[in-house]
Amino acid sequence: MSKEILTTQDLHLYYGEKEALKGINLNFEAKGITALIGPSGCGKSTYLRTLNRMNDLIPNVTITGTIKFKGQNLYAPSADTVQIRKEIGMVFQQPNPFPFSIYDNVIYGLRIAGEKNKEKLDAVVEKSLRQAAVWDEVKDHLHESALALSGGQQQRVCIARVLAVSPEIILLDEPTSALDPVSSSQIETTLLNLRHDYTIITVTHNLQQASRIADRTAFFMNGELVEVDQTKNIFMNPAEKQTEDYISGRFG
Amino acid sequence: MRRLFDDELAELDADFTEMGMLVSEVVQQAVDAFMNRDAVAAQKLIDHDHEINQREIALEQKTFEMIALYQPVTTDLREIVTILKAVSELERAADHARNVAHSAIKFGSKQKIPVLEQLIGEMSQITTQMIREVLAAYVNKDDHAARELAEVDRKLDQLNHQIRADSYQQMRMDPAFETGASIYLNVAQDLSRIGDYVTNVCEWIVYRKSGQIVELNPANSDSPN
């Protein structure tokens, strides 16, 4: 059994007076894919964003409880959010390439960090795009605008951009909900390949996607973690009736 | 929230139960035809066997369709799988009822052997009872009843063994009994098989409730009978 890389203990999050997360206890071992599912407004995306401090940007948010990445408190006053977001990367619902070339998109993080070695940058671009399973499609157009790519290709370039800074954890917030089934399937294949090397946590509304790719599935409802288990158990024999009702489409 | 799936599942469930009742009737008619040596009733049953096969196919097609269109999970999936598996067990049970009908015709006016006649009567009674009760357990989603019913199957196996021993003894005593005794053997074997298929349905009833695949058939378990 591999060691836990990320732990959350009694995590509460308030938007002003409203309690959006009501004491989440959820841990992640290194490597593999965990899917977070639940009806809209259940807190799954809010939870995902706490894992690399994206909620810091929202005014009036209060967070209590503990999130530890490799034993270090993410919300300690000394924590460096730039470093955190390098180690815990995020891919969003809408593909959001920068209005630069594909090449410049991928090396964006490294360039910010001051890397200038052309050979090294070239190597990272190829490696990241290969890992994101988009290299063959874009290798002859690296210096063309990333905005000219299809949605599915843009999303894989965004994944490559996250991979380029060598994260340990990749967070994805509904990464395929803006994509057609073929592009979605390519992203799923990409994630399945990446799960051997990275800890992947993905929010999805697509239950079949969770059942296809996730090793573990966590079901959220009303700001609470109802159940987390091996995906097979969640989809075949969940312990909680709420889980069963949600995934068999009785509500939500 | 009531889903379209629930309506279709209810319909599938009703169709399965109806097929179960039909198989139960066929088994009853088959043993009656044998006990009364009623060749006309036996032939009628044989002529209608294809109706049960058609129902099996229709139910299977419907379950495939529902799996493809609704992609059921958890209890929904178990309900569908239970029907898909149990429908084959019922169809096979009906095949053995048809064999019993064939035996009724084949026996014709040969001399009955009272001791075997009585044992077959006992087996018939247990088999028809089992198949009625398995349907009740299915409809009531009663996994306890299903487990208890599987125990009854042991009695059927014991009777089958006894008929086997007694038949061979009759054959040794008087070779003239040979054909008749071998028909009793076949009927006992067919009834025993029907009991096994009922027990398999019991296993699926337990699965539907618990998600556990269990072995209830004494003949298939590792422990001695």
# chains A, B, ... in the order shown; residues from 1 in each chain; ligands from 1
>>> interface_residues(of="chain A", to="chain B", cutoff="12 Å", atoms="only C-alpha atoms", output="ChimeraX atom specification")
/A:207-208,211,231-241,243-252
>>> residues_around(residues="Gly71 in chain A", least_positions_apart="6", cutoff="12 Å", atoms="only C-alpha atoms", output="PDB file with N, CA and C atoms, in the first residue's frame")
ATOM      1  N   LYS A   3       1.981   5.247   0.251  1.00  0.00           N
ATOM      2  CA  LYS A   3       1.801   6.203   1.341  1.00  0.00           C
ATOM      3  C   LYS A   3       0.815   7.294   0.944  1.00  0.00           C
ATOM      4  N   GLU A   4       0.122   7.828   1.941  1.00  0.00           N
ATOM      5  CA  GLU A   4      -0.802   8.918   1.634  1.00  0.00           C
ATOM      6  C   GLU A   4      -0.021  10.186   1.309  1.00  0.00           C
ATOM      7  N   ILE A   5      -0.380  10.796   0.178  1.00  0.00           N
ATOM      8  CA  ILE A   5       0.347  11.975  -0.276  1.00  0.00           C
ATOM      9  C   ILE A   5      -0.402  13.238   0.107  1.00  0.00           C
ATOM     10  N   LEU A   6      -1.734  13.101   0.196  1.00  0.00           N
ATOM     11  CA  LEU A   6      -2.584  14.269   0.476  1.00  0.00           C
ATOM     12  C   LEU A   6      -3.662  13.847   1.478  1.00  0.00           C
ATOM     13  N   THR A   7      -3.798  14.621   2.542  1.00  0.00           N
ATOM     14  CA  THR A   7      -4.826  14.284   3.538  1.00  0.00           C
ATOM     15  C   THR A   7      -5.669  15.509   3.853  1.00  0.00           C
ATOM     16  N   THR A   8      -6.964  15.302   4.016  1.00  0.00           N
ATOM     17  CA  THR A   8      -7.830  16.401   4.476  1.00  0.00           C
ATOM     18  C   THR A   8      -8.547  15.939   5.728  1.00  0.00           C
ATOM     19  N   ASN A  27      -8.566  11.148   2.255  1.00  0.00           N
ATOM     20  CA  ASN A  27      -7.125  11.031   2.028  1.00  0.00           C
ATOM     21  C   ASN A  27      -6.838  10.401   0.672  1.00  0.00           C
TER      22      ASN A  27
END
>>> closest_residue(among="A:Gln131, A:Thr62, A:Thr34, A:Asn25", to="Arg212 in chain A", atoms="only C-alpha atoms")
A:Thr34
>>> residues_around(residues="Ile126 in chain B", least_positions_apart="5", cutoff="12 Å", atoms="only C-alpha atoms", output="number ranges by chain")
B: 27-28, 31, 119-121, 131-133, 149-160, 188, 191-192, 194-195, 198
>>> closest_residue(among="B:Leu59, B:Ala101, B:Val134, B:Leu12", to="Gln43 in chain B", atoms="only C-alpha atoms")
B:Ala101
>>> atom_distance(atom1="CA of Ile80 in chain B", atom2="CA of Gln209 in chain A")
21.7 Å
>>> select_by_dssp(residues="range 1-250 of chain A", states="helix (DSSP H, G or I)", output="JSON, numbers by chain")
{"A": [44, 45, 46, 47, 48, 49, 50, 54, 55, 56, 57, 81, 82, 83, 84, 85, 86, 87, 102, 103, 104, 105, 106, 108, 109, 110, 111, 112, 118, 119, 120, 121, 122, 123, 124, 125, 126, 127, 128, 129, 130, 131, 135, 136, 137, 138, 139, 140, 141, 146, 147, 148, 151, 152, 153, 154, 155, 156, 157, 158, 159, 160, 161, 162, 163, 181, 182, 183, 184, 185, 186, 187, 188, 189, 190, 191, 192, 193, 194, 207, 208, 209, 210, 211, 212, 213, 231, 232, 233, 234, 235, 236, 241, 242, 243, 244, 245, 246, 247]}
>>> residues_around(residues="range 95-112 of chain A", least_positions_apart="5", cutoff="6 Å", atoms="only C-alpha atoms", output="ChimeraX atom specification")
/A:142-146,154-155,161
>>> write_last_selection(atoms="all heavy atoms", output="PDB file, in the first residue's frame")
ATOM      1  N   LEU A 142       4.102  23.386 -33.647  1.00  0.00           N
ATOM      2  CA  LEU A 142       4.389  23.830 -32.281  1.00  0.00           C
ATOM      3  C   LEU A 142       4.405  25.346 -32.136  1.00  0.00           C
ATOM      4  O   LEU A 142       4.114  25.874 -31.063  1.00  0.00           O
ATOM      5  CB  LEU A 142       5.735  23.256 -31.814  1.00  0.00           C
ATOM      6  CG  LEU A 142       5.756  21.756 -31.553  1.00  0.00           C
ATOM      7  CD1 LEU A 142       7.151  21.322 -31.130  1.00  0.00           C
ATOM      8  CD2 LEU A 142       4.728  21.371 -30.499  1.00  0.00           C
ATOM      9  N   HIS A 143       4.723  26.040 -33.238  1.00  0.00           N
ATOM     10  CA  HIS A 143       4.842  27.495 -33.104  1.00  0.00           C
ATOM     11  C   HIS A 143       3.631  28.223 -33.649  1.00  0.00           C
ATOM     12  O   HIS A 143       3.638  29.435 -33.816  1.00  0.00           O
ATOM     13  CB  HIS A 143       6.166  27.951 -33.718  1.00  0.00           C
ATOM     14  CG  HIS A 143       7.332  27.367 -32.955  1.00  0.00           C
ATOM     15  ND1 HIS A 143       7.721  27.826 -31.717  1.00  0.00           N
ATOM     16  CD2 HIS A 143       8.122  26.298 -33.220  1.00  0.00           C
ATOM     17  CE1 HIS A 143       8.719  27.088 -31.259  1.00  0.00           C
ATOM     18  NE2 HIS A 143       8.986  26.149 -32.162  1.00  0.00           N
ATOM     19  N   GLU A 144       2.554  27.436 -33.874  1.00  0.00           N
ATOM     20  CA  GLU A 144       1.289  28.069 -34.256  1.00  0.00           C
ATOM     21  C   GLU A 144       0.452  28.265 -32.999  1.00  0.00           C
ATOM     22  O   GLU A 144       0.677  27.637 -31.967  1.00  0.00           O
ATOM     23  CB  GLU A 144       0.549  27.189 -35.269  1.00  0.00           C
ATOM     24  CG  GLU A 144       1.299  27.127 -36.606  1.00  0.00           C
ATOM     25  CD  GLU A 144       0.757  26.048 -37.534  1.00  0.00           C
ATOM     26  OE1 GLU A 144      -0.421  25.670 -37.394  1.00  0.00           O
ATOM     27  OE2 GLU A 144       1.540  25.570 -38.378  1.00  0.00           O
ATOM     28  N   SER A 145      -0.567  29.130 -33.125  1.00  0.00           N
ATOM     29  CA  SER A 145      -1.366  29.471 -31.947  1.00  0.00           C
ATOM     30  C   SER A 145      -2.125  28.268 -31.414  1.00  0.00           C
ATOM     31  O   SER A 145      -2.743  27.509 -32.177  1.00  0.00           O
ATOM     32  CB  SER A 145      -2.373  30.566 -32.295  1.00  0.00           C
ATOM     33  OG  SER A 145      -3.274  30.725 -31.217  1.00  0.00           O
ATOM     34  N   ALA A 146      -2.100  28.106 -30.118  1.00  0.00           N
ATOM     35  CA  ALA A 146      -2.838  27.009 -29.475  1.00  0.00           C
ATOM     36  C   ALA A 146      -4.341  27.206 -29.646  1.00  0.00           C
ATOM     37  O   ALA A 146      -5.115  26.251 -29.563  1.00  0.00           O
ATOM     38  CB  ALA A 146      -2.478  26.947 -27.993  1.00  0.00           C
ATOM     39  N   GLN A 154      -6.866  21.330 -27.418  1.00  0.00           N
ATOM     40  CA  GLN A 154      -6.552  22.418 -26.465  1.00  0.00           C
ATOM     41  C   GLN A 154      -6.481  21.868 -25.039  1.00  0.00           C
ATOM     42  O   GLN A 154      -5.577  22.197 -24.276  1.00  0.00           O
ATOM     43  CB  GLN A 154      -7.624  23.510 -26.534  1.00  0.00           C
ATOM     44  CG  GLN A 154      -7.557  24.354 -27.790  1.00  0.00           C
ATOM     45  CD  GLN A 154      -8.562  25.493 -27.767  1.00  0.00           C
ATOM     46  OE1 GLN A 154      -9.219  25.742 -26.762  1.00  0.00           O
ATOM     47  NE2 GLN A 154      -8.677  26.198 -28.883  1.00  0.00           N
ATOM     48  N   GLN A 155      -7.473  20.999 -24.711  1.00  0.00           N
ATOM     49  CA  GLN A 155      -7.502  20.484 -23.335  1.00  0.00           C
ATOM     50  C   GLN A 155      -6.256  19.637 -23.057  1.00  0.00           C
ATOM     51  O   GLN A 155      -5.672  19.691 -21.986  1.00  0.00           O
ATOM     52  CB  GLN A 155      -8.799  19.687 -23.111  1.00  0.00           C
ATOM     53  CG  GLN A 155      -9.109  19.348 -21.657  1.00  0.00           C
ATOM     54  CD  GLN A 155      -9.369  20.569 -20.792  1.00  0.00           C
ATOM     55  OE1 GLN A 155      -8.559  21.505 -20.746  1.00  0.00           O
ATOM     56  NE2 GLN A 155     -10.491  20.580 -20.094  1.00  0.00           N
ATOM     57  N   ARG A 161       0.654  21.453 -20.267  1.00  0.00           N
ATOM     58  CA  ARG A 161       1.152  22.648 -19.586  1.00  0.00           C
ATOM     59  C   ARG A 161       1.310  22.381 -18.085  1.00  0.00           C
ATOM     60  O   ARG A 161       2.273  22.834 -17.452  1.00  0.00           O
ATOM     61  CB  ARG A 161       0.182  23.812 -19.820  1.00  0.00           C
ATOM     62  CG  ARG A 161       0.678  25.156 -19.349  1.00  0.00           C
ATOM     63  CD  ARG A 161      -0.267  26.257 -19.785  1.00  0.00           C
ATOM     64  NE  ARG A 161      -1.574  26.131 -19.153  1.00  0.00           N
ATOM     65  CZ  ARG A 161      -2.679  26.760 -19.579  1.00  0.00           C
ATOM     66  NH1 ARG A 161      -2.656  27.543 -20.639  1.00  0.00           N
ATOM     67  NH2 ARG A 161      -3.822  26.596 -18.955  1.00  0.00           N
TER      68      ARG A 161
END
>>> residues_around(residues="Glu148 in chain B", least_positions_apart="6", cutoff="12 Å", atoms="only C-alpha atoms", output="NGL selection string")
:B and (130 or 133-134 or 137 or 142 or 154 or 198-199 or 202-203 or 205-206 or 216-217)
